[in-house]
Structure formats: C-alpha cells, structure tokens
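Enquirer: Contents of run_26.cif (mmCIF, C-alpha atoms and all ligand atoms) are below:
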```cif
data_query
loop_
_atom_site.label_atom_id
_atom_site.label_comp_id
_atom_site.auth_asym_id
_atom_site.auth_seq_id
_atom_site.Cartn_x
_atom_site.Cartn_y
_atom_site.Cartn_z
CA MET M 1 -32.99 9.18 -33.89
CA PRO M 2 -30.28 9.92 -31.29
CA ARG M 3 -26.77 9.90 -32.75
CA TYR M 4 -23.71 9.63 -30.55
CA SER M 5 -20.22 10.49 -31.74
CA ILE M 6 -17.69 7.95 -30.52
CA ALA M 7 -13.92 8.26 -30.77
CA LEU M 8 -12.50 4.76 -31.29
CA ILE M 9 -8.93 4.25 -30.13
CA PRO M 10 -8.17 0.55 -30.63
CA GLY M 11 -4.55 1.14 -29.58
CA ASP M 12 -2.19 -1.81 -29.48
CA GLY M 13 -2.28 -5.60 -29.66
CA ILE M 14 -5.56 -7.26 -28.71
CA GLY M 15 -7.02 -3.80 -28.15
CA ILE M 16 -7.70 -3.83 -31.90
CA ASP M 17 -9.30 -7.31 -31.83
CA VAL M 18 -11.63 -6.59 -28.93
CA VAL M 19 -12.69 -3.10 -30.01
CA ASP M 20 -13.78 -4.37 -33.41
CA ALA M 21 -15.66 -7.28 -31.83
CA ALA M 22 -17.34 -5.06 -29.25
CA MET M 23 -18.36 -2.48 -31.85
CA ALA M 24 -20.17 -5.20 -33.82
CA VAL M 25 -22.26 -5.87 -30.71
CA LEU M 26 -22.81 -2.20 -29.87
CA ASN M 27 -23.85 -1.34 -33.43
CA ASP M 28 -26.33 -4.19 -33.39
CA ALA M 29 -27.76 -2.90 -30.12
CA ALA M 30 -27.97 0.58 -31.66
CA ILE M 31 -30.06 -0.68 -34.57
CA ARG M 32 -32.37 -2.60 -32.28
CA PHE M 33 -32.85 0.28 -29.83
CA GLY M 34 -33.10 3.08 -32.38
CA PHE M 35 -29.94 5.13 -32.09
CA SER M 36 -26.66 5.31 -33.95
CA LEU M 37 -23.02 5.32 -32.96
CA GLU M 38 -21.02 7.47 -35.36
CA THR M 39 -17.48 6.31 -34.89
CA THR M 40 -14.24 8.04 -35.84
CA ARG M 41 -11.20 5.80 -35.62
CA PHE M 42 -7.88 7.10 -34.32
CA GLU M 43 -4.90 4.81 -34.95
CA TRP M 44 -2.95 6.19 -31.99
CA SER M 45 -0.68 3.48 -30.70
CA CYS M 46 2.91 2.38 -30.20
CA ASP M 47 3.24 1.95 -33.99
CA TYR M 48 2.01 5.53 -34.40
CA TYR M 49 4.72 6.55 -31.92
CA LEU M 50 7.41 4.77 -33.93
CA GLN M 51 6.27 6.65 -37.04
CA THR M 52 5.70 10.10 -35.54
CA GLY M 53 7.56 10.27 -32.22
CA GLN M 54 4.35 10.79 -30.24
CA MET M 55 1.51 8.57 -29.05
CA MET M 56 -1.09 11.02 -30.32
CA PRO M 57 -0.90 14.33 -32.19
CA ALA M 58 -0.21 17.50 -30.20
CA ASP M 59 -3.88 18.49 -30.59
CA GLY M 60 -5.12 14.97 -29.76
CA ILE M 61 -6.88 15.99 -26.58
CA GLU M 62 -8.64 18.88 -28.33
CA THR M 63 -9.66 16.52 -31.14
CA LEU M 64 -11.27 14.12 -28.66
CA ARG M 65 -13.02 16.79 -26.61
CA SER M 66 -16.06 17.19 -28.85
CA PHE M 67 -16.98 13.48 -28.85
CA ASP M 68 -19.83 12.02 -26.79
CA GLY M 69 -17.65 9.12 -25.72
CA ILE M 70 -14.26 7.46 -26.20
CA PHE M 71 -13.95 3.70 -26.65
CA LEU M 72 -10.41 2.41 -26.14
CA GLY M 73 -8.89 -1.04 -26.58
CA ALA M 74 -5.48 -1.22 -24.92
CA VAL M 75 -2.28 0.83 -24.90
CA GLY M 76 1.26 -0.53 -24.69
CA TRP M 77 3.78 -2.74 -26.43
CA PRO M 78 6.84 -2.69 -24.21
CA ALA M 79 9.11 -4.36 -26.79
CA LYS M 80 8.52 -1.36 -29.11
CA VAL M 81 7.99 1.55 -26.72
CA PRO M 82 8.57 1.68 -22.94
CA ASP M 83 5.28 1.56 -21.01
CA SER M 84 6.29 4.70 -19.14
CA VAL M 85 6.28 6.52 -22.51
CA SER M 86 3.23 4.95 -24.15
CA LEU M 87 0.91 5.23 -21.14
CA HIS M 88 1.96 8.77 -20.27
CA GLY M 89 1.54 9.72 -23.93
CA LEU M 90 -2.02 8.49 -24.45
CA LEU M 91 -4.12 6.77 -21.78
CA LEU M 92 -3.14 8.75 -18.69
CA PRO M 93 -3.30 12.23 -20.30
CA ILE M 94 -6.84 11.51 -21.52
CA ARG M 95 -7.99 10.47 -18.04
CA LYS M 96 -6.48 13.61 -16.53
CA ALA M 97 -7.36 16.18 -19.22
CA PHE M 98 -11.01 15.16 -19.27
CA LYS M 99 -11.31 14.98 -15.47
CA GLN M 100 -12.29 11.33 -15.68
CA TYR M 101 -11.71 11.07 -11.99
CA ALA M 102 -13.99 8.13 -11.36
CA ASN M 103 -12.73 4.82 -12.67
CA ILE M 104 -15.58 2.36 -12.23
CA ARG M 105 -14.87 -1.36 -12.31
CA PRO M 106 -17.58 -3.96 -11.60
CA HIS M 107 -16.51 -7.34 -10.24
CA ARG M 108 -19.01 -10.15 -10.31
CA LEU M 109 -19.17 -13.56 -11.92
CA LEU M 110 -21.06 -13.87 -15.17
CA PRO M 111 -23.27 -16.98 -15.31
CA GLY M 112 -21.25 -20.03 -16.35
CA VAL M 113 -17.91 -18.44 -15.48
CA ARG M 114 -15.96 -20.17 -12.74
CA GLY M 115 -13.84 -18.01 -10.46
CA PRO M 116 -11.10 -19.25 -8.16
CA LEU M 117 -13.16 -18.73 -4.98
CA ARG M 118 -15.64 -20.99 -3.23
CA SER M 119 -17.89 -17.95 -2.81
CA GLU M 120 -19.56 -17.08 -6.10
CA LYS M 121 -22.12 -14.64 -4.72
CA PHE M 122 -20.13 -11.40 -4.68
CA ASP M 123 -21.06 -8.20 -6.50
CA ILE M 124 -18.46 -5.49 -5.97
CA LEU M 125 -18.28 -2.07 -7.62
CA CYS M 126 -14.80 -0.64 -7.30
CA ILE M 127 -14.43 3.12 -7.63
CA ARG M 128 -10.82 4.06 -8.22
CA GLU M 129 -9.58 7.66 -8.04
CA ASN M 130 -8.23 8.19 -11.54
CA THR M 131 -6.49 11.55 -11.86
CA GLU M 132 -4.17 12.17 -8.92
CA GLY M 133 -2.86 10.25 -5.90
CA GLU M 134 0.14 8.03 -6.46
CA TYR M 135 -0.14 8.33 -10.27
CA ALA M 136 -0.15 12.13 -10.36
CA GLY M 137 3.19 12.08 -12.15
CA ALA M 138 4.83 14.54 -9.75
CA GLY M 139 8.49 13.83 -9.21
CA GLY M 140 11.88 13.67 -10.78
CA ARG M 141 15.33 12.17 -10.82
CA VAL M 142 18.61 13.89 -10.02
CA HIS M 143 22.22 12.74 -10.36
CA GLN M 144 20.92 10.29 -12.92
CA GLY M 145 23.14 7.32 -13.60
CA THR M 146 25.50 8.06 -10.71
CA ALA M 147 25.85 6.40 -7.34
CA ASP M 148 24.21 9.48 -5.80
CA GLU M 149 21.08 9.12 -7.88
CA VAL M 150 17.80 10.09 -6.22
CA ALA M 151 14.30 9.34 -7.54
CA VAL M 152 11.30 11.07 -5.97
CA GLU M 153 7.67 10.49 -6.82
CA THR M 154 5.17 12.28 -4.66
CA ALA M 155 1.58 11.23 -4.29
CA ILE M 156 -0.79 14.19 -4.59
CA PHE M 157 -4.05 14.24 -2.66
CA THR M 158 -6.09 17.43 -2.97
CA ARG M 159 -9.22 18.16 -0.96
CA ALA M 160 -11.16 18.72 -4.15
CA GLY M 161 -9.88 15.47 -5.66
CA VAL M 162 -10.50 13.31 -2.61
CA GLU M 163 -13.84 14.81 -1.75
CA ARG M 164 -15.29 14.39 -5.22
CA ILE M 165 -14.32 10.72 -5.54
CA ILE M 166 -15.62 9.89 -2.05
CA ARG M 167 -18.87 11.69 -2.79
CA PHE M 168 -19.20 9.87 -6.09
CA ALA M 169 -18.65 6.54 -4.33
CA PHE M 170 -21.29 7.33 -1.71
CA GLU M 171 -23.75 8.13 -4.47
CA GLN M 172 -23.01 4.81 -6.15
CA ALA M 173 -23.50 3.01 -2.83
CA ARG M 174 -26.83 4.75 -2.38
CA SER M 175 -28.01 3.39 -5.73
CA ARG M 176 -26.96 -0.15 -4.74
CA ARG M 177 -26.86 -1.87 -1.33
CA CYS M 178 -25.92 1.23 0.69
CA HIS M 179 -22.56 0.01 1.94
CA LEU M 180 -19.24 1.72 1.22
CA THR M 181 -15.76 0.42 2.00
CA SER M 182 -13.03 3.07 1.85
CA VAL M 183 -9.53 1.67 1.45
CA THR M 184 -6.40 3.41 2.72
CA LYS M 185 -3.20 2.69 4.60
CA SER M 186 -3.69 5.35 7.22
CA ASN M 187 -1.87 3.42 9.91
CA ALA M 188 1.42 3.74 8.00
CA GLN M 189 0.92 6.76 5.74
CA LYS M 190 0.08 9.45 8.22
CA PHE M 191 -0.57 12.45 5.97
CA SER M 192 -2.35 11.57 2.75
CA MET M 193 -4.24 8.55 4.00
CA VAL M 194 -5.26 10.08 7.32
CA PHE M 195 -6.55 13.01 5.25
CA TRP M 196 -8.51 10.58 3.02
CA ASP M 197 -10.11 9.00 6.10
CA GLU M 198 -11.03 12.44 7.48
CA VAL M 199 -12.69 13.45 4.22
CA THR M 200 -14.55 10.12 4.14
CA ARG M 201 -15.97 10.77 7.61
CA GLU M 202 -16.96 14.33 6.62
CA VAL M 203 -18.73 13.28 3.45
CA ALA M 204 -20.39 10.38 5.28
CA ARG M 205 -22.48 12.91 7.23
CA ASP M 206 -24.34 13.69 4.00
CA PHE M 207 -25.16 10.00 3.48
CA PRO M 208 -26.63 8.75 6.76
CA ASP M 209 -28.36 5.93 4.87
CA VAL M 210 -25.02 4.47 3.74
CA THR M 211 -22.92 2.38 6.13
CA VAL M 212 -19.20 3.03 5.86
CA GLN M 213 -16.25 0.87 6.70
CA LEU M 214 -12.68 2.21 6.70
CA ILE M 215 -10.18 -0.54 6.01
CA HIS M 216 -6.47 -0.80 5.26
CA ILE M 217 -5.31 -2.05 1.90
CA ASP M 218 -3.55 -5.12 3.34
CA ALA M 219 -6.62 -6.28 5.25
CA MET M 220 -8.73 -5.46 2.19
CA ALA M 221 -6.70 -7.79 -0.01
CA ALA M 222 -7.52 -10.62 2.36
CA LYS M 223 -11.16 -9.61 2.69
CA MET M 224 -11.72 -9.61 -1.05
CA VAL M 225 -10.60 -13.23 -1.12
CA LEU M 226 -12.17 -14.44 2.13
CA ALA M 227 -15.44 -12.49 2.28
CA PRO M 228 -16.10 -10.79 -1.08
CA GLU M 229 -19.87 -11.11 -0.58
CA SER M 230 -19.59 -8.66 2.35
CA LEU M 231 -18.53 -5.86 -0.03
CA ASP M 232 -20.72 -3.51 -2.04
CA VAL M 233 -19.06 -0.30 -3.27
CA VAL M 234 -15.32 0.08 -2.68
CA VAL M 235 -13.45 3.37 -3.03
CA ALA M 236 -9.68 3.64 -3.19
CA SER M 237 -6.83 5.83 -4.38
CA ASN M 238 -5.32 5.45 -7.83
CA LEU M 239 -2.62 2.91 -6.86
CA PHE M 240 -4.70 0.92 -4.40
CA GLY M 241 -7.65 0.87 -6.79
CA ASP M 242 -5.38 -0.28 -9.59
CA ILE M 243 -4.15 -3.23 -7.55
CA LEU M 244 -7.51 -4.17 -6.07
CA THR M 245 -9.19 -4.17 -9.48
CA ASP M 246 -6.68 -6.67 -10.87
CA LEU M 247 -7.51 -8.81 -7.84
CA GLY M 248 -11.21 -8.23 -8.54
CA ALA M 249 -10.64 -9.25 -12.16
CA ALA M 250 -9.01 -12.49 -11.01
CA LEU M 251 -11.96 -13.22 -8.72
CA GLN M 252 -14.40 -12.76 -11.58
CA GLY M 253 -12.62 -15.32 -13.72
CA GLY M 254 -9.84 -13.25 -15.25
CA LEU M 255 -9.04 -10.05 -17.08
CA GLY M 256 -11.10 -11.21 -20.04
CA PHE M 257 -14.22 -10.34 -18.02
CA ALA M 258 -13.11 -7.11 -16.31
CA ALA M 259 -14.77 -3.96 -17.65
CA SER M 260 -14.06 -0.36 -16.81
CA ALA M 261 -15.35 3.15 -17.31
CA ASN M 262 -13.33 6.34 -16.83
CA ILE M 263 -16.09 8.76 -15.97
CA CYS M 264 -16.11 12.54 -16.05
CA PRO M 265 -19.10 12.91 -13.72
CA ASP M 266 -19.93 16.55 -14.50
CA ARG M 267 -19.97 15.69 -18.23
CA SER M 268 -17.84 18.71 -19.09
CA ALA M 269 -15.74 16.34 -21.22
CA PRO M 270 -16.18 12.88 -22.74
CA SER M 271 -15.82 9.77 -20.61
CA MET M 272 -13.72 6.82 -21.78
CA PHE M 273 -14.58 3.14 -21.72
CA GLU M 274 -11.97 0.37 -21.90
CA PRO M 275 -11.43 -3.19 -20.75
CA VAL M 276 -9.09 -3.51 -17.76
CA HIS M 277 -6.77 -5.86 -19.64
CA GLY M 278 -3.72 -4.75 -21.58
CA SER M 279 -2.59 -5.33 -25.17
CA ALA M 280 -1.38 -8.94 -24.61
CA PRO M 281 1.28 -8.92 -27.38
CA ASP M 282 1.63 -12.73 -27.11
CA ILE M 283 -1.86 -13.36 -28.49
CA ALA M 284 -2.32 -10.13 -30.49
CA GLY M 285 -3.89 -10.54 -33.91
CA LYS M 286 -4.57 -14.25 -33.40
CA GLY M 287 -8.29 -13.66 -33.03
CA ILE M 288 -8.49 -15.47 -29.71
CA ALA M 289 -8.73 -12.60 -27.20
CA ASN M 290 -11.89 -12.62 -25.10
CA PRO M 291 -13.97 -9.56 -26.12
CA ILE M 292 -16.34 -9.82 -23.14
CA ALA M 293 -14.50 -7.22 -21.04
CA ALA M 294 -14.64 -4.81 -23.98
CA ILE M 295 -18.30 -5.58 -24.71
CA TRP M 296 -19.21 -5.03 -21.04
CA SER M 297 -17.24 -1.74 -21.12
CA GLY M 298 -19.23 -0.84 -24.22
CA ALA M 299 -22.44 -1.54 -22.31
CA MET M 300 -21.22 0.87 -19.64
CA MET M 301 -20.73 3.44 -22.41
CA LEU M 302 -24.30 2.98 -23.66
CA ASP M 303 -25.53 3.37 -20.10
CA HIS M 304 -23.54 6.60 -19.70
CA LEU M 305 -24.93 7.92 -23.00
CA GLY M 306 -28.42 7.41 -21.58
CA GLU M 307 -29.27 4.27 -23.59
CA LYS M 308 -30.06 2.30 -20.43
CA ASP M 309 -32.26 -0.34 -22.09
CA ALA M 310 -29.67 -1.06 -24.74
CA ALA M 311 -26.96 -1.27 -22.11
CA ALA M 312 -28.99 -3.75 -20.07
CA ALA M 313 -29.78 -5.79 -23.17
CA VAL M 314 -26.10 -6.05 -24.11
CA LEU M 315 -25.24 -7.24 -20.61
CA SER M 316 -28.08 -9.77 -20.67
CA ALA M 317 -26.86 -11.01 -24.05
CA VAL M 318 -23.35 -11.43 -22.63
CA ALA M 319 -24.78 -13.32 -19.66
CA ALA M 320 -26.90 -15.53 -21.92
CA SER M 321 -23.80 -16.39 -23.93
CA THR M 322 -21.60 -17.24 -20.96
CA ALA M 323 -24.46 -19.23 -19.43
CA ASN M 324 -24.18 -21.39 -22.57
CA GLY M 325 -20.46 -21.77 -22.03
CA ILE M 326 -19.47 -19.26 -24.72
CA GLY M 327 -16.29 -17.37 -23.86
CA CYS M 328 -15.95 -18.91 -20.39
CA THR M 329 -12.74 -20.87 -20.90
CA PRO M 330 -9.70 -19.42 -22.69
CA GLY M 331 -8.98 -21.09 -26.00
CA THR M 332 -12.45 -22.58 -26.51
CA HIS M 333 -13.94 -19.85 -28.67
CA THR M 334 -12.47 -17.22 -30.97
CA THR M 335 -13.03 -13.50 -30.52
CA ALA M 336 -15.39 -13.52 -33.49
CA GLN M 337 -17.36 -16.53 -32.22
CA ILE M 338 -17.91 -14.88 -28.85
CA ALA M 339 -19.03 -11.60 -30.42
CA ALA M 340 -21.33 -13.49 -32.81
CA ALA M 341 -22.90 -15.40 -29.90
CA VAL M 342 -23.58 -12.14 -28.06
CA VAL M 343 -25.11 -10.59 -31.20
CA ALA M 344 -27.29 -13.70 -31.66
CA ALA M 345 -28.42 -13.51 -28.02
CA LEU M 346 -29.21 -9.82 -28.49
CA GLU M 347 -31.48 -10.67 -31.37
CA THR M 348 -33.57 -13.26 -29.53
C1 LIG I 1 -5.24 0.00 -15.63
C2 LIG I 1 -3.85 -0.11 -16.14
C3 LIG I 1 -3.23 1.27 -16.22
C4 LIG I 1 -3.38 1.95 -14.88
C5 LIG I 1 -1.76 1.27 -16.65
C6 LIG I 1 -1.59 0.60 -17.98
C7 LIG I 1 -1.15 2.65 -16.61
O1 LIG I 1 -3.10 -0.95 -15.33
O2 LIG I 1 -6.06 0.66 -16.28
O3 LIG I 1 -5.53 -0.52 -14.56
O4 LIG I 1 -2.74 1.56 -13.93
O5 LIG I 1 -4.17 2.88 -14.77
MN MN I 2 -4.23 -1.86 -13.75
#
```
Spell out the structure here as structure tokens.

Expert:
Amino acid sequence: MPRYSIALIPGDGIGIDVVDAAMAVLNDAAIRFGFSLETTRFEWSCDYYLQTGQMMPADGIETLRSFDGIFLGAVGWPAKVPDSVSLHGLLLPIRKAFKQYANIRPHRLLPGVRGPLRSEKFDILCIRENTEGEYAGAGGRVHQGTADEVAVETAIFTRAGVERIIRFAFEQARSRRCHLTSVTKSNAQKFSMVFWDEVTREVARDFPDVTVQLIHIDAMAAKMVLAPESLDVVVASNLFGDILTDLGAALQGGLGFAASANICPDRSAPSMFEPVHGSAPDIAGKGIANPIAAIWSGAMMLDHLGEKDAAAAVLSAVAASTANGIGCTPGTHTTAQIAAAVVAALET
C-alpha cells in the first residue's frame, strides 16, 4: 500500500479549522483508494513566534524537506505578529527554499455556487510565479524614521525564473484548451515586463499548438470580469498573479472556494498545498469557516502524489455536496457539517 508522508502546518486562525476538516476527507479518500497519509503536525504559527521568537525552528526547512507533501492552513495574525514578520518567517521561505515556483490556482464555479457574474461558464487556471518577481524580498530602507527616509524594493526577474514559469504554463495549456494568456504591464514597465514578453514569445515557438495572448494587467482585470469564459490558462508574475487570483476567487463565489498548490515541478523538494484564504481571526475557532478551499487544495495534493482517481473522487464529492446546497452560502453550514457532507458523498 502506498504511504505518503505529509507535513501538516495548520498555522493560524481558521487554518486550524480547515486543515482538520480537510484531513478527515483526505483520510477517508485514502482508505477508499488504498493508500495512507502519514501526517506529522507542526504547530508553527504566530503563537509559536510569541513563545520562541521565530515562526519555525532554524532547521524547519530541513525538517520539511524529506516529506512527500506539505499541507498548510493559513499564516498570519496581525494583532499578534506583523504580517511582514509572520509571512517572511514561514510561508514565503518554504515557497522559495523548495523552488515551488508554480503557484496553481483554479477558478471555476462549483455546482450550486452563485458567483457575482452573469457568466457562469468560465474555467480559468491561473499560474502565478511564486519565488521571485515583485516578492523577491530584495530591498532596504535607509535614513529610517527621518524626513530623508528612502525605501527601495526591487523586483527580480531572472531568465531562468521567467522561462521556467512560462514553460510550465504552456504545458498546462497544452493539457487543457490550448490557450495561454500572459499578463504583464510592458507598456509602463519597460525592463522586466518587456523581458517577460520576450521570453513568452521565445517559449511559444516550442508550443505551436497553443495560442498565446499577451495582455496588460489593467485590461486583464476588466477581461476577467467581462469575458472570463474566453480565458483558459493565465500566467503572471508574483504580484500580478496574487491580485488576479483574489479576483478569480471572488468570481468563483469567494475565498472559501479558492484552492491553491505551490508546486516544485522537478520534484526535487516537496510541494505545498493551501487554500488561498487567510487566517480570518474574526471567525477563527468558531467552527464556521468553509473548508471547501482546503479540501480542493487537498485534492490537488492527492493528484500531485499520483493518486489521480482519489483526487478526482474528492472533487466530485465536493461538487455533489455544493450541488445539494452544502457550503454554498456563508453561515448556513458549519465546517464540520460541510466536511461530513463531502465524506458522505465520497462514500456513495
Ligand atoms: C496568497 C497570500 C500571500 C501571497 C501573502 C499572505 C503573503 O496573499 O497566497 O495569495 O501574497 O503570496
Ligand atoms: Mn494573495
């Protein structure tokens, strides 16, 4: 029987609620499909920071490296620890250290879920560059606290980094509807974004079967609202992908439905799976967070581990539940009720 080692990092706030709910579903799928998920729980969080002065131990990355996958809830509790500290102490270092350069975020409506748009027929796969770009963390501040203060934060675009994410996106497009939309702002940012466009055109030569559209981020924001059904795979830099995927989440009914996978494509290190939403301190621990985004992220993890049938079954069970109105409207069902409905659907 295949056994997969999973590092569980529930993190903060509703991260804990949704990880526990999702694991109940994933473990049930494991039993039904004949594999096991051997989880090790790491209580790395803002509370851990308050106790130890760090978000994870100094050897945290090395500890995680041997796992087959990482399943994360949410990181951040700004009233306890500044986001700039908590995110740069846990989530972002994992993405970078493990070369999880492809952040994959699917945006489509689950059956029974109403989005804000008239068009309900969209199916977008957003591929966000996840290790460099605007979030590279290169910069500094001088003359701090004085009237002469200067803050600099430089976006970093390397040929290796841009080429690999564009190539990855083309491959995804090839496995879907063969259309790729590459998002930049190359009319205003004349170095990095012009470079991104150039690399896109170069890589496109290797994918003659995929149609490519280069679009600017401002026009893209409008297009996602006005003509989302015209999009297939979308590729964007770290910042642009971050923004567009919150928009995508809104179009699919809210952050409670938005799943994501931080993929290390060459599998030299574990990939990490997490819902797009944050820790939502206002509803933390109340048992009312929607676990669907986490369950869908878990399905992406099963898929990445090679358990394709189990992954598809989990997604079908989620869809069967939402089709029955379970988990579609905030406040109607508890976290546990939604997870139980998905487990029940999995078993029929
Ligand atoms: C996300 C989040 C993170 C990001 C934050 C919390 C650093 O917004 O996963 O989209 O921007 O990467
Ligand atoms: Mn975000």

Enquirer: Residues at most 12 Å from ligand MN 2 (chain I), using only C-alpha atoms and all ligand atoms? Could they come as a PyMOL selection string?

Expert: chain M and resi 74-75+87+91-92+103+105+128+130+135+238-250+255+258-260+274-278

Enquirer: For those residues, write C-alpha atoms to a file as a compact mmCIF listing (two decimals), keeping the file's coordinate frame.

Expert:
```txt
# COMPACT_ATOMS: atom_id res chain seq x y z
CA ALA M 74 -5.48 -1.22 -24.92
CA VAL M 75 -2.28 0.83 -24.90
CA LEU M 87 0.91 5.23 -21.14
CA LEU M 91 -4.12 6.77 -21.78
CA LEU M 92 -3.14 8.75 -18.69
CA ASN M 103 -12.73 4.82 -12.67
CA ARG M 105 -14.87 -1.36 -12.31
CA ARG M 128 -10.82 4.06 -8.22
CA ASN M 130 -8.23 8.19 -11.54
CA TYR M 135 -0.14 8.33 -10.27
CA ASN M 238 -5.32 5.45 -7.83
CA LEU M 239 -2.62 2.91 -6.86
CA PHE M 240 -4.70 0.92 -4.40
CA GLY M 241 -7.65 0.87 -6.79
CA ASP M 242 -5.38 -0.28 -9.59
CA ILE M 243 -4.15 -3.23 -7.55
CA LEU M 244 -7.51 -4.17 -6.07
CA THR M 245 -9.19 -4.17 -9.48
CA ASP M 246 -6.68 -6.67 -10.87
CA LEU M 247 -7.51 -8.81 -7.84
CA GLY M 248 -11.21 -8.23 -8.54
CA ALA M 249 -10.64 -9.25 -12.16
CA ALA M 250 -9.01 -12.49 -11.01
CA LEU M 255 -9.04 -10.05 -17.08
CA ALA M 258 -13.11 -7.11 -16.31
CA ALA M 259 -14.77 -3.96 -17.65
CA SER M 260 -14.06 -0.36 -16.81
CA GLU M 274 -11.97 0.37 -21.90
CA PRO M 275 -11.43 -3.19 -20.75
CA VAL M 276 -9.09 -3.51 -17.76
CA HIS M 277 -6.77 -5.86 -19.64
CA GLY M 278 -3.72 -4.75 -21.58
```

Enquirer: Can you list, as a ChimeraX atom specification, every protein, DNA or RNA residue that comes within 12 Å of segment 269-273 of chain M when you count all atoms listed in the file, leaving out same-chain residues fewer than 6 positions away?

Expert: /M:4-10,19,22,61-74,91-105,130,258-263,293-305

Enquirer: Extract, using only C-alpha atoms, all DNA, RNA and protein residues at most 9 Å from Leu251 of chain M, discarding same-chain residues fewer than 5 positions from it, and format them as a ChimeraX atom specification.

Expert: /M:107-109,114-117,120,224-225,246

Enquirer: With only C-alpha atoms and all ligand atoms as the basis for distance, which of M:Tyr48, M:Trp77, M:Phe122, M:Phe35 is at the shortest distance from ligand LIG 1 (chain I)?

Expert: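 Checking each of M:Tyr48, M:Trp77, M:Phe122, M:Phe35 against ligand LIG 1 (chain I), counting only C-alpha atoms and all ligand atoms, the winner is M:Trp77.
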
Enquirer: If you count only C-alpha atoms, which residues fall within 8 Å of Val199 of chain M, apart from same-chain ones fewer than 6 positions away, as a list in words?

Expert: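 Here the qualifying residues turn out to be Arg159, Val162, Glu163 and Ile166 of chain M.
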
Enquirer: Write out the residues from the selection above, keeping C-alpha atoms, as a PDB file, in the frame of the given file.

Expert:
```pdb
ATOM      1  CA  ARG M 159      -9.220  18.160  -0.960  1.00  0.00           C
ATOM      2  CA  VAL M 162     -10.500  13.310  -2.610  1.00  0.00           C
ATOM      3  CA  GLU M 163     -13.840  14.810  -1.750  1.00  0.00           C
ATOM      4  CA  ILE M 166     -15.620   9.890  -2.050  1.00  0.00           C
TER       5      ILE M 166
END
```

Enquirer: Just the number, please: distance in Å from atom CA of Ala323 of chain M to atom CA of Leu346 of chain M, one decimal.

Expert: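 Atom-to-atom, atom CA of Ala323 of chain M and atom CA of Leu346 of chain M are spaced 13.9 Å apart.
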
Enquirer: Which residue out of M:Ala339, M:Leu214, M:Val113, M:Ala151 has the minimum interatomic distance to Val235 of chain M when only C-alpha atoms are used?

Expert: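 The answer is M:Leu214, which sits nearest to Val235 of chain M.
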
Enquirer: Under the rule that all atoms listed in the file are counted, which of M:Ser45, M:Thr184, M:Gln54, M:Ser279 is the nearest residue to ligand LIG 1 (chain I)?

Expert: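 Using all atoms listed in the file, ligand LIG 1 (chain I) sits closest to M:Ser279.
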
Enquirer: Measuring atom to atom with all atoms listed in the file, identify which of M:Ala280, M:Ile124, M:Ala204, M:Ala21 is nearest to ligand LIG 1 (chain I).

Expert: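 Looking at the shortest contact to ligand LIG 1 (chain I), the residue is M:Ala280.
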
Enquirer: Counting all atoms listed in the file, I want the residues whose atoms come within 12 Å of (-24.6, 3.9, -2.5) in the file frame, returned as a ChimeraX atom specification.

Expert: /M:124-127,166-181,204,206-212,231-235

Enquirer: Can you work out which one of M:Ser182, M:Arg118, M:Leu37, M:Ser316 has the shortest atom-to-atom distance to Ala227 of chain M, counting only C-alpha atoms?

Expert: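 Closest to Ala227 of chain M, using only C-alpha atoms: M:Arg118.
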
Enquirer: In Å, rounded to a single decimal, give me how far atom CA of Val85 of chain M is from atom CA of Met56 of chain M.

Expert: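 Distance between the two atoms: 11.6 Å.
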
Enquirer: With 3 Å of padding per side, what axis-aligned box (centre and edge lengths, Å, one decimal) covers all the listed atoms of segment 45-51 of chain M? Give it as AutoDock Vina command-line options.

Expert:
```
--center_x 3.4 --center_y 4.3 --center_z -33.6 --size_x 14.1 --size_y 10.7 --size_z 12.8
```

Enquirer: Which residue out of M:Gly287, M:Gly76, M:Gly15, M:Gly34 has the minimum interatomic distance to ligand LIG 1 (chain I) when only C-alpha atoms and all ligand atoms are used?

Expert: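 Checking each candidate against ligand LIG 1 (chain I), we get M:Gly76 as the closest.
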
Enquirer: Quick one, how far is atom CA of Ala320 of chain M from atom CA of Ala345 of chain M?

Expert: 6.6 Å

Enquirer: Pull out segment 81-122 of chain M, keep C-alpha atoms, and write it as a CSV table (one decimal), in the first residue's frame.

Expert:
```csv
chain,number,residue,atom,x,y,z
M,81,VAL,CA,2.7,39.5,14.9
M,82,PRO,CA,3.1,41.9,11.9
M,83,ASP,CA,2.3,40.1,8.6
M,84,SER,CA,5.7,41.2,7.3
M,85,VAL,CA,7.3,39.1,10.0
M,86,SER,CA,5.0,36.0,10.0
M,87,LEU,CA,4.8,35.6,6.3
M,88,HIS,CA,8.5,36.1,5.7
M,89,GLY,CA,9.2,33.7,8.6
M,90,LEU,CA,7.1,30.7,7.4
M,91,LEU,CA,5.1,30.7,4.2
M,92,LEU,CA,7.3,32.6,1.8
M,93,PRO,CA,10.6,30.9,2.8
M,94,ILE,CA,9.0,27.5,2.2
M,95,ARG,CA,7.9,28.5,-1.3
M,96,LYS,CA,11.4,29.8,-2.1
M,97,ALA,CA,13.5,27.2,-0.4
M,98,PHE,CA,11.7,24.3,-2.1
M,99,LYS,CA,11.6,26.0,-5.6
M,100,GLN,CA,7.8,25.9,-5.6
M,101,TYR,CA,7.9,28.3,-8.4
M,102,ALA,CA,4.5,27.4,-9.9
M,103,ASN,CA,1.5,28.6,-7.8
M,104,ILE,CA,-1.5,27.0,-9.4
M,105,ARG,CA,-5.0,28.4,-8.7
M,106,PRO,CA,-8.1,27.1,-10.4
M,107,HIS,CA,-11.1,29.4,-10.8
M,108,ARG,CA,-14.4,27.9,-11.7
M,109,LEU,CA,-17.8,27.8,-10.1
M,110,LEU,CA,-18.7,24.6,-8.3
M,111,PRO,CA,-22.3,23.4,-9.0
M,112,GLY,CA,-24.8,25.3,-6.8
M,113,VAL,CA,-22.4,28.1,-6.0
M,114,ARG,CA,-23.5,31.5,-7.3
M,115,GLY,CA,-20.8,34.0,-8.4
M,116,PRO,CA,-21.3,37.7,-8.9
M,117,LEU,CA,-21.1,37.4,-12.7
M,118,ARG,CA,-23.8,36.8,-15.2
M,119,SER,CA,-21.4,34.4,-17.0
M,120,GLU,CA,-21.1,31.2,-15.1
M,121,LYS,CA,-19.3,29.2,-17.7
M,122,PHE,CA,-15.6,30.1,-17.0
```
